[in-house]
>>> print(open('entry_22.cif').read())   # mmCIF, C-alpha atoms
data_coords
#
loop_
_atom_site.label_atom_id
_atom_site.label_comp_id
_atom_site.auth_asym_id
_atom_site.auth_seq_id
_atom_site.Cartn_x
_atom_site.Cartn_y
_atom_site.Cartn_z
CA MET A 844 0.55 158.15 78.11
CA LEU A 845 4.02 156.62 78.34
CA GLU A 846 2.63 153.23 77.31
CA ILE A 847 1.06 154.75 74.19
CA ILE A 848 4.33 156.39 73.11
CA VAL A 849 6.37 153.22 73.72
CA VAL A 850 3.87 151.01 71.89
CA ALA A 851 3.81 153.47 68.97
CA PHE A 852 7.62 153.34 68.67
CA LEU A 853 7.61 149.53 68.86
CA ALA A 854 4.81 149.24 66.28
CA VAL A 855 6.51 151.50 63.72
CA GLY A 856 9.80 149.68 64.28
CA ILE A 857 8.34 146.24 63.83
CA PHE A 858 6.53 147.47 60.70
CA PHE A 859 9.84 148.53 59.15
CA MET A 860 11.50 145.25 60.10
CA VAL A 861 8.71 143.18 58.53
CA VAL A 862 8.89 145.32 55.37
CA GLY A 863 12.65 144.72 55.21
CA ALA A 864 12.20 140.97 55.57
CA VAL A 865 9.54 140.89 52.83
CA GLY A 866 11.83 142.91 50.58
CA LEU A 867 14.64 140.46 51.24
CA LEU A 868 12.34 137.64 50.15
CA ARG A 869 10.63 139.20 47.11
CA PHE A 870 13.09 141.46 45.31
CA PRO A 871 14.66 140.07 42.13
CA ASP A 872 18.43 140.33 42.65
CA PHE A 873 21.22 141.00 45.11
CA TYR A 874 21.44 144.80 44.87
CA THR A 875 17.72 145.40 45.31
CA ARG A 876 17.65 143.05 48.29
CA LEU A 877 20.52 144.99 49.83
CA HIS A 878 18.60 148.20 49.19
CA ALA A 879 15.57 146.82 51.00
CA THR A 880 17.34 145.52 54.07
CA GLY A 881 20.02 148.17 54.49
CA LYS A 882 17.59 150.99 55.24
CA CYS A 883 14.53 149.25 56.70
CA ASP A 884 16.51 147.25 59.25
CA THR A 885 18.54 150.22 60.46
CA LEU A 886 15.48 152.40 60.96
CA GLY A 887 13.36 149.64 62.51
CA GLU A 888 15.97 148.61 65.04
CA VAL A 889 16.75 152.18 66.04
CA LEU A 890 13.04 152.93 66.54
CA ILE A 891 12.52 149.82 68.69
CA ILE A 892 15.57 150.64 70.84
CA VAL A 893 14.39 154.27 71.24
CA GLY A 894 11.05 152.95 72.49
CA LEU A 895 12.81 150.68 75.00
CA LEU A 896 15.02 153.62 76.04
CA LEU A 897 11.94 155.72 76.89
CA TYR A 898 10.48 152.78 78.81
CA HIS A 899 13.69 152.43 80.78
CA LEU A 900 13.97 156.17 81.42
CA PHE A 901 10.57 156.33 83.11
CA HIS A 902 10.23 152.90 84.64
CA TYR A 903 13.74 152.07 85.91
CA SER A 904 14.95 155.59 86.62
CA GLU A 905 17.26 154.37 89.42
CA THR A 906 19.74 152.82 86.93
CA PRO A 907 20.54 155.53 84.36
CA LEU A 908 23.71 153.82 83.10
CA VAL A 909 21.71 151.31 81.08
CA CYS A 910 20.33 154.29 79.13
CA VAL A 911 23.90 155.13 78.15
CA LYS A 912 24.40 151.55 76.98
CA LEU A 913 21.29 151.74 74.84
CA LEU A 914 22.43 155.10 73.43
CA PHE A 915 25.77 153.54 72.49
CA LEU A 916 23.86 150.69 70.85
CA ILE A 917 21.80 153.17 68.77
CA LEU A 918 24.96 155.06 67.74
CA PHE A 919 26.73 151.82 66.88
CA ILE A 920 23.85 150.52 64.74
CA PHE A 921 23.64 153.86 62.92
CA ILE A 922 27.34 153.72 62.09
CA THR A 923 27.93 150.04 61.39
CA ASN A 924 24.83 148.90 59.52
CA PRO A 925 25.22 151.23 56.49
CA THR A 926 28.97 150.54 56.51
CA ALA A 927 28.40 146.80 56.30
CA THR A 928 25.87 147.33 53.51
CA TYR A 929 28.37 149.50 51.60
CA ALA A 930 31.20 146.99 52.04
CA LEU A 931 29.08 144.08 50.83
CA MET A 932 27.82 146.06 47.83
CA ARG A 933 31.33 147.13 46.83
CA SER A 934 32.66 143.59 47.23
CA ALA A 935 29.86 142.17 45.07
CA TYR A 936 30.37 144.84 42.38
CA LYS A 937 34.12 144.23 42.20
CA THR A 938 33.60 140.46 42.13
CA GLY A 939 31.33 140.84 39.11
CA VAL A 940 27.73 140.31 40.19
CA LYS A 941 25.54 141.69 37.41
CA PRO A 942 22.57 143.92 38.25
CA TRP A 943 19.11 142.72 37.25
CA LYS A 944 17.47 144.38 34.25
CA LEU A 945 13.82 144.38 33.22
CA GLY A 946 13.09 141.23 31.30
CA ASP A 947 15.83 139.13 32.87
CA GLU A 948 15.00 136.03 34.84
CA ARG A 949 14.56 136.49 38.57
CA GLN A 950 17.53 135.16 40.50
CA MET B 68 3.41 148.08 83.38
CA ASP B 69 2.40 144.45 83.10
CA ILE B 70 0.73 145.19 79.76
CA LEU B 71 3.98 146.51 78.31
CA LEU B 72 5.78 143.27 79.16
CA LYS B 73 3.17 141.38 77.13
CA VAL B 74 3.73 143.86 74.28
CA PHE B 75 7.47 143.15 74.52
CA LEU B 76 6.74 139.42 74.27
CA ALA B 77 4.58 139.97 71.18
CA VAL B 78 7.26 142.15 69.53
CA GLY B 79 9.89 139.52 70.29
CA LEU B 80 7.77 136.82 68.69
CA LEU B 81 7.25 139.00 65.60
CA ILE B 82 11.01 139.56 65.33
CA ALA B 83 11.50 135.80 65.59
CA PHE B 84 9.01 135.40 62.74
CA THR B 85 10.94 137.85 60.54
CA ILE B 86 14.14 135.94 61.38
CA LEU B 87 12.36 132.83 60.12
CA LEU B 88 11.54 134.66 56.87
CA CYS B 89 15.19 135.66 56.46
CA THR B 90 16.31 132.08 57.12
CA TYR B 91 14.60 131.09 53.86
CA ARG B 92 16.89 133.47 51.96
CA ALA B 93 19.92 132.25 53.90
CA VAL B 94 19.23 128.61 53.01
CA VAL B 95 17.84 128.85 49.46
CA GLY B 96 19.29 132.12 48.13
CA PRO B 97 21.31 131.74 44.92
CA GLY B 98 24.95 132.58 45.24
CA ILE B 99 27.08 133.44 48.22
CA PHE B 100 26.19 137.14 48.61
CA ASN B 101 22.48 136.56 49.12
CA ARG B 102 23.29 134.17 51.93
CA VAL B 103 25.64 136.68 53.51
CA ILE B 104 23.14 139.54 53.54
CA ALA B 105 20.55 137.18 55.02
CA VAL B 106 22.97 136.21 57.81
CA ASN B 107 23.85 139.88 58.41
CA VAL B 108 20.18 140.82 58.69
CA ILE B 109 19.53 137.92 61.07
CA GLY B 110 22.42 139.12 63.23
CA THR B 111 21.17 142.68 63.42
CA LYS B 112 17.66 141.52 64.28
CA THR B 113 19.14 139.38 67.04
CA ILE B 114 20.51 142.53 68.72
CA VAL B 115 17.00 143.90 69.22
CA LEU B 116 15.79 140.48 70.30
CA LEU B 117 18.52 140.35 72.98
CA VAL B 118 17.52 143.77 74.35
CA LEU B 119 13.87 142.69 74.48
CA ILE B 120 14.84 139.49 76.31
CA GLY B 121 16.76 141.60 78.80
CA TYR B 122 13.64 143.61 79.61
CA TYR B 123 11.23 140.67 79.59
CA PHE B 124 13.24 138.50 82.01
CA GLU B 125 14.68 141.53 83.89
CA ARG B 126 18.31 140.56 83.34
CA PRO B 127 20.41 143.70 82.70
CA MET B 128 23.45 141.76 81.48
CA PHE B 129 21.73 141.11 78.16
CA PHE B 130 22.44 144.72 77.12
CA ASP B 131 26.18 144.05 77.30
CA ILE B 132 25.68 140.88 75.27
CA ALA B 133 23.75 142.91 72.68
CA LEU B 134 26.61 145.42 72.37
CA LEU B 135 29.14 142.62 71.92
CA TYR B 136 26.94 140.89 69.37
CA ALA B 137 26.65 144.12 67.35
CA MET B 138 30.43 144.44 67.15
CA LEU B 139 30.96 140.77 66.27
CA ASN B 140 28.31 140.86 63.53
CA PHE B 141 29.79 144.00 61.96
CA ILE B 142 33.34 142.64 61.96
CA ALA B 143 32.22 139.30 60.55
CA THR B 144 30.46 141.00 57.64
CA LEU B 145 33.46 143.25 56.86
CA ILE B 146 35.90 140.33 56.99
CA PHE B 147 33.69 138.30 54.73
CA ALA B 148 33.40 141.07 52.15
CA LYS B 149 37.18 141.49 52.11
CA TYR B 150 37.77 137.74 51.86
CA VAL B 151 35.49 137.30 48.88
CA GLN B 152 36.86 140.32 47.04
CA LYS B 153 40.62 139.88 47.63
CA GLY B 154 40.92 136.13 48.08
CA ASP B 155 42.81 136.28 51.38
CA LEU B 156 42.66 138.27 54.58
CA CYS B 157 46.18 139.72 54.83
CA SER B 158 46.58 141.64 51.56
CA ARG B 159 45.88 145.34 51.32
#
>>> encode(input="entry_22.cif", output="structure tokens")
Amino acid sequence: MLEIIVVAFLAVGIFFMVVGAVGLLRFPDFYTRLHATGKCDTLGEVLIIVGLLLYHLFHYSETPLVCVKLLFLILFIFITNPTATYALMRSAYKTGVKPWKLGDERQ
Amino acid sequence: MDILLKVFLAVGLLIAFTILLCTYRAVVGPGIFNRVIAVNVIGTKTIVLLVLIGYYFERPMFFDIALLYAMLNFIATLIFAKYVQKGDLCSR
């Protein structure tokens, strides 16, 4: 039962990460690529680390401090990854990167 | 639990494959910002890869390395955004 839950978390997480990578490759300009990776990567990584946290909680229950480390990692990813996306987007907008419109050439 | 270790190996290889896909954008991508988001995404994927390596080889110190790598990647991205926008690192 535990194996099924952990594998389900890992599978959904890796699905989101692959979708984010494909979006980074295929979208036409900078802002849409940032849109693809900023959300898919955050969710995929958090899901994979939650799966590993459950695995650790049931399999290595004699060292509970590592669970706290993984919880800090989840919290940190949830705070920092959208902040980095926001900072990059703001920097690009103030520097003067134009958004892509329909009919323009793909960058 | 031996099956789950093989699943961890497969997930790690898939993450390495997505890192390879992002490397294309980091090398080819037009302009400096596309390269920076590709490098940021590679860094955040590496965090998960480090945690998986820690479980696969049963080395608990890799979790500390993953925490450190998360902080370094975040600060590098922020510093880069500020440097490109303002032109130097010390101005407000």
>>> resolve_selection(input="entry_22.cif", expression="the PyMOL selection byres ((chain B) within 9 of (chain A))", output="PyMOL selection string")
chain B and resi 68+70-71+74-75+78+81-82+84-86+88-89+91-92+96-97+100-101+103-105+107-108+111-112+114-115+118-119+122+127+130-131+133-134+137-138+141-142+144-145+147-149+151-153
>>> atom_distance(input="entry_22.cif", atom1="CA of Leu76 (chain B)", atom2="CA of Val855 (chain A)")
16.0 Å
>>> atom_distance(input="entry_22.cif", atom1="CA of Leu156 (chain B)", atom2="CA of Gly98 (chain B)")
20.8 Å
>>> atom_distance(input="entry_22.cif", atom1="CA of Leu896 (chain A)", atom2="CA of Leu914 (chain A)")
8.0 Å
>>> resolve_selection(input="entry_22.cif", expression="the PyMOL selection byres ((chain A and resi 944) around 12)", output="PyMOL selection string")
chain A and resi 871-875+941-943+945-950
>>> write_last_selection(input="entry_22.cif", atoms="C-alpha atoms", output="compact mmCIF listing (two decimals), in the coordinates of the input")
# COMPACT_ATOMS: atom_id res chain seq x y z
CA PRO A 871 14.66 140.07 42.13
CA ASP A 872 18.43 140.33 42.65
CA PHE A 873 21.22 141.00 45.11
CA TYR A 874 21.44 144.80 44.87
CA THR A 875 17.72 145.40 45.31
CA LYS A 941 25.54 141.69 37.41
CA PRO A 942 22.57 143.92 38.25
CA TRP A 943 19.11 142.72 37.25
CA LEU A 945 13.82 144.38 33.22
CA GLY A 946 13.09 141.23 31.30
CA ASP A 947 15.83 139.13 32.87
CA GLU A 948 15.00 136.03 34.84
CA ARG A 949 14.56 136.49 38.57
CA GLN A 950 17.53 135.16 40.50
